[in-house]
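The next block holds one structure in the form of C-alpha cells; read it before the comments.
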Amino acid sequence: MKIAIGADHGGYELKESIKSFLESCGDYEVTDYGTFSPEAVDYPDIAYKVGKAVTSQEGSLGILCCGTGIGISIAANKVKGVRAACCSDYFSAKYTRMHNNANILCLGGRVIGPGLANELVNVFLNTGFEGGGRHQRRIDKITAIENENI
C-alpha cells in the first residue's frame, strides 16, 4: 500500500517515528512530502502536497502531523477529495475509516507519543470502509457539499 506522509515542524519528530515504523513493517511504500528538518514551515504547504498525492492516487492513504493535528487537518480538508481526520484515540482512528472513509489521518506531535501514534496508524491503515447504506449516503452528501451540488 502506498502511503503519503508529511508534517510541519511541530509534527516532524512524530512523522519520522511513524515513517520508521511503516518502513519496518515492510508492507508499505512510503513517500515523504516533508518537512525534512525541525525548522519552521507552514503546515498548509505540506497538507496540500499530501492531499494532492492521496487524491491523485500517488498515495493510497495519507498521514499528516503538526503540533496538534488540527491545523494540518483543516488545511488538508480544503483539497478536493480529501477526508482528513484528526485522531488521538484508537476508536476514532478505526471508525473514521469504517464510517467516514477518511483517507488522511492527522496526528498531533505535541499531543500523542510515538507508541500511541503507531497504534493509530496501524488501525487506520488496516481498517476498511464499511460502505453501502447510511455511510455511503453520508459520504455522497459530503461530496455534494464539496462540489456545491447541494
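Starting from 1 in every chain, residues are counted up; chains themselves are A, B, ... following the order of the C-alpha cells, and ligands are numbered from 1 as listed.
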Wanna dump the stretch 19-87 of chain A-stretch 132-145 of chain A contacts at 10 Å for me, each residue with its shortest atom pair and the distance in Å to one decimal, counting only C-alpha atoms, ordered by chain and number, as a Markdown table?
| residue | atom | partner | partner_atom | distance |
| --- | --- | --- | --- | --- |
| A:Lys80 | CA | A:Thr143 | CA | 8.8 |
| A:Gly81 | CA | A:Thr143 | CA | 7.6 |
| A:Val82 | CA | A:Thr143 | CA | 9.7 |
| A:Arg83 | CA | A:Ile142 | CA | 9.3 |
Saved selection, atoms kept: C-alpha atoms, as an mmCIF file, in the first residue's frame:
data_model
loop_
_atom_site.group_PDB
_atom_site.id
_atom_site.type_symbol
_atom_site.label_atom_id
_atom_site.label_comp_id
_atom_site.auth_asym_id
_atom_site.auth_seq_id
_atom_site.Cartn_x
_atom_site.Cartn_y
_atom_site.Cartn_z
ATOM 1 C CA LYS A 80 -10.970 18.378 -3.117
ATOM 2 C CA GLY A 81 -11.488 14.692 -2.387
ATOM 3 C CA VAL A 82 -9.669 14.674 0.943
ATOM 4 C CA ARG A 83 -11.401 13.427 4.065
#
task = Fewer than 5 positions away in the same chain doesn't count, so skip those; otherwise give me all residues within 10 Å of stretch 85-101 of chain A, counting only C-alpha atoms, as a ChimeraX atom specification.
result = /A:63-65,68-74,76-77,106-108,111-113,116-117,119-132,134-136,138-139,142
Serialized selection, N, CA and C atoms, as a compact mmCIF listing (two decimals), in the first residue's frame:
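In the end it all went to part.txt:
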# COMPACT_ATOMS: atom_id res chain seq x y z
N ILE A 63 -0.86 10.37 5.88
CA ILE A 63 -0.67 10.65 7.30
C ILE A 63 -0.01 12.02 7.39
N LEU A 64 -0.59 12.89 8.20
CA LEU A 64 -0.07 14.23 8.41
C LEU A 64 0.09 14.50 9.89
N CYS A 65 1.14 15.22 10.25
CA CYS A 65 1.39 15.58 11.65
C CYS A 65 1.72 17.06 11.75
N THR A 68 -0.75 19.92 16.91
CA THR A 68 -1.98 19.35 17.47
C THR A 68 -2.66 18.38 16.53
N GLY A 69 -2.35 18.44 15.25
CA GLY A 69 -3.05 17.67 14.24
C GLY A 69 -4.25 18.40 13.68
N ILE A 70 -4.64 19.48 14.33
CA ILE A 70 -5.86 20.20 13.94
C ILE A 70 -5.63 21.10 12.73
N GLY A 71 -4.62 21.97 12.81
CA GLY A 71 -4.38 22.90 11.71
C GLY A 71 -4.13 22.19 10.40
N ILE A 72 -3.31 21.16 10.44
CA ILE A 72 -2.97 20.44 9.22
C ILE A 72 -4.17 19.67 8.68
N SER A 73 -5.08 19.25 9.56
CA SER A 73 -6.30 18.57 9.09
C SER A 73 -7.24 19.57 8.43
N ILE A 74 -7.34 20.77 8.98
CA ILE A 74 -8.18 21.80 8.36
C ILE A 74 -7.66 22.11 6.97
N ALA A 76 -5.71 20.24 5.00
CA ALA A 76 -5.84 19.09 4.11
C ALA A 76 -7.27 18.95 3.60
N ASN A 77 -8.24 19.24 4.44
CA ASN A 77 -9.64 19.10 4.04
C ASN A 77 -10.07 20.13 3.00
N CYS A 106 -4.61 12.51 10.65
CA CYS A 106 -3.83 13.63 11.17
C CYS A 106 -3.58 13.42 12.66
N LEU A 107 -2.33 13.66 13.05
CA LEU A 107 -1.91 13.41 14.42
C LEU A 107 -1.15 14.60 14.96
N GLY A 108 -1.23 14.80 16.27
CA GLY A 108 -0.53 15.90 16.94
C GLY A 108 0.75 15.46 17.61
N VAL A 111 0.72 16.16 21.16
CA VAL A 111 -0.46 15.62 21.84
C VAL A 111 -0.28 14.15 22.19
N ILE A 112 0.27 13.37 21.25
CA ILE A 112 0.44 11.94 21.48
C ILE A 112 1.89 11.54 21.26
N GLY A 113 2.28 10.43 21.84
CA GLY A 113 3.63 9.91 21.69
C GLY A 113 3.72 8.91 20.57
N LEU A 116 1.55 5.37 20.85
CA LEU A 116 0.13 5.52 20.51
C LEU A 116 -0.02 5.86 19.03
N ALA A 117 0.83 6.71 18.51
CA ALA A 117 0.76 7.08 17.09
C ALA A 117 0.85 5.83 16.21
N GLU A 119 0.03 2.78 16.96
CA GLU A 119 -1.23 2.02 17.09
C GLU A 119 -2.32 2.65 16.24
N LEU A 120 -2.41 3.98 16.26
CA LEU A 120 -3.45 4.67 15.49
C LEU A 120 -3.20 4.51 14.00
N VAL A 121 -1.96 4.64 13.59
CA VAL A 121 -1.60 4.44 12.18
C VAL A 121 -1.93 3.02 11.75
N ASN A 122 -1.59 2.05 12.55
CA ASN A 122 -1.85 0.65 12.23
C ASN A 122 -3.34 0.38 12.05
N VAL A 123 -4.16 0.84 12.97
CA VAL A 123 -5.60 0.57 12.84
C VAL A 123 -6.18 1.36 11.67
N PHE A 124 -5.73 2.58 11.45
CA PHE A 124 -6.22 3.39 10.34
C PHE A 124 -5.92 2.71 9.01
N LEU A 125 -4.70 2.24 8.85
CA LEU A 125 -4.29 1.65 7.58
C LEU A 125 -4.88 0.26 7.35
N ASN A 126 -5.28 -0.42 8.40
CA ASN A 126 -5.77 -1.79 8.27
C ASN A 126 -7.26 -1.94 8.49
N THR A 127 -7.97 -0.84 8.49
CA THR A 127 -9.43 -0.86 8.62
C THR A 127 -10.03 -0.37 7.32
N GLY A 128 -11.01 -1.10 6.82
CA GLY A 128 -11.67 -0.71 5.58
C GLY A 128 -12.96 0.04 5.81
N PHE A 129 -13.43 0.65 4.76
CA PHE A 129 -14.71 1.36 4.77
C PHE A 129 -15.83 0.33 4.71
N GLU A 130 -16.81 0.45 5.59
CA GLU A 130 -17.94 -0.49 5.59
C GLU A 130 -18.78 -0.33 4.34
N GLY A 131 -18.82 0.87 3.81
CA GLY A 131 -19.54 1.13 2.56
C GLY A 131 -21.03 0.92 2.68
N GLY A 132 -21.69 1.13 1.56
CA GLY A 132 -23.13 0.89 1.48
C GLY A 132 -23.95 1.67 2.49
N ARG A 134 -26.15 3.79 4.97
CA ARG A 134 -26.09 5.14 5.53
C ARG A 134 -24.71 5.76 5.43
N HIS A 135 -23.65 4.96 5.53
CA HIS A 135 -22.30 5.53 5.48
C HIS A 135 -21.99 6.09 4.09
N GLN A 136 -22.31 5.34 3.05
CA GLN A 136 -22.07 5.83 1.69
C GLN A 136 -22.95 7.02 1.39
N ARG A 138 -23.94 9.27 3.39
CA ARG A 138 -23.36 10.45 4.05
C ARG A 138 -22.10 10.93 3.35
N ILE A 139 -21.27 10.01 2.88
CA ILE A 139 -20.08 10.39 2.11
C ILE A 139 -20.52 11.10 0.83
N ILE A 142 -21.39 14.62 1.65
CA ILE A 142 -20.17 15.42 1.86
C ILE A 142 -19.58 15.82 0.51
ask   = In chain A, what's strand (DSSP E) per DSSP? Answer as a PyMOL selection string?
value = chain A and resi 2-7+29-32+61-66+84-86+104-108
Coordinates-based distance that separates atom CA of A:Arg110 from atom CA of A:Glu29 (Å, one decimal) = 26.0 Å
7 Å contact set for stretch 36-52 of chain A, only C-alpha atoms, chain neighbours under 4 positions out, as a PyMOL selection string = chain A and resi 4-9+12+56+62+72+75-76+79+82
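Atom CA of A:Leu105 sits 24.6 Å away from atom CA of A:Glu148.
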inquiry  = DSSP on the backbone, alpha helix (DSSP H) only: what residues of stretch 17-138 of chain A does that give? Format it as a PyMOL selection string.
reply    = chain A and resi 17-25+43-55+70-76+90-98+114-125+133-138
ask   = atom CA of A:Ile18 to atom CA of A:Gln57: how many Å, to one decimal?
value = 20.8 Å
key: Residues near A:Phe21, cut-off 10 Å, only C-alpha atoms, skip fewer than 2 positions along chain, as a list in words   =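 After dropping sequence-adjacent residues, the list is Lys15, Glu16, Ser17, Ile18, Lys19, Glu23, Ser24, Cys25, Gly26, Pro114, Gly115, Ala117, Asn118, Val121 and Asn122 of chain A.
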query = Given the choices A:Ser20, A:Glu13, A:Gly67, A:Lys2, which gets closest to A:Val54 if the distance is worked out from only C-alpha atoms?
reply =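 Counting only C-alpha atoms, the residue closest to A:Val54 is A:Lys2.
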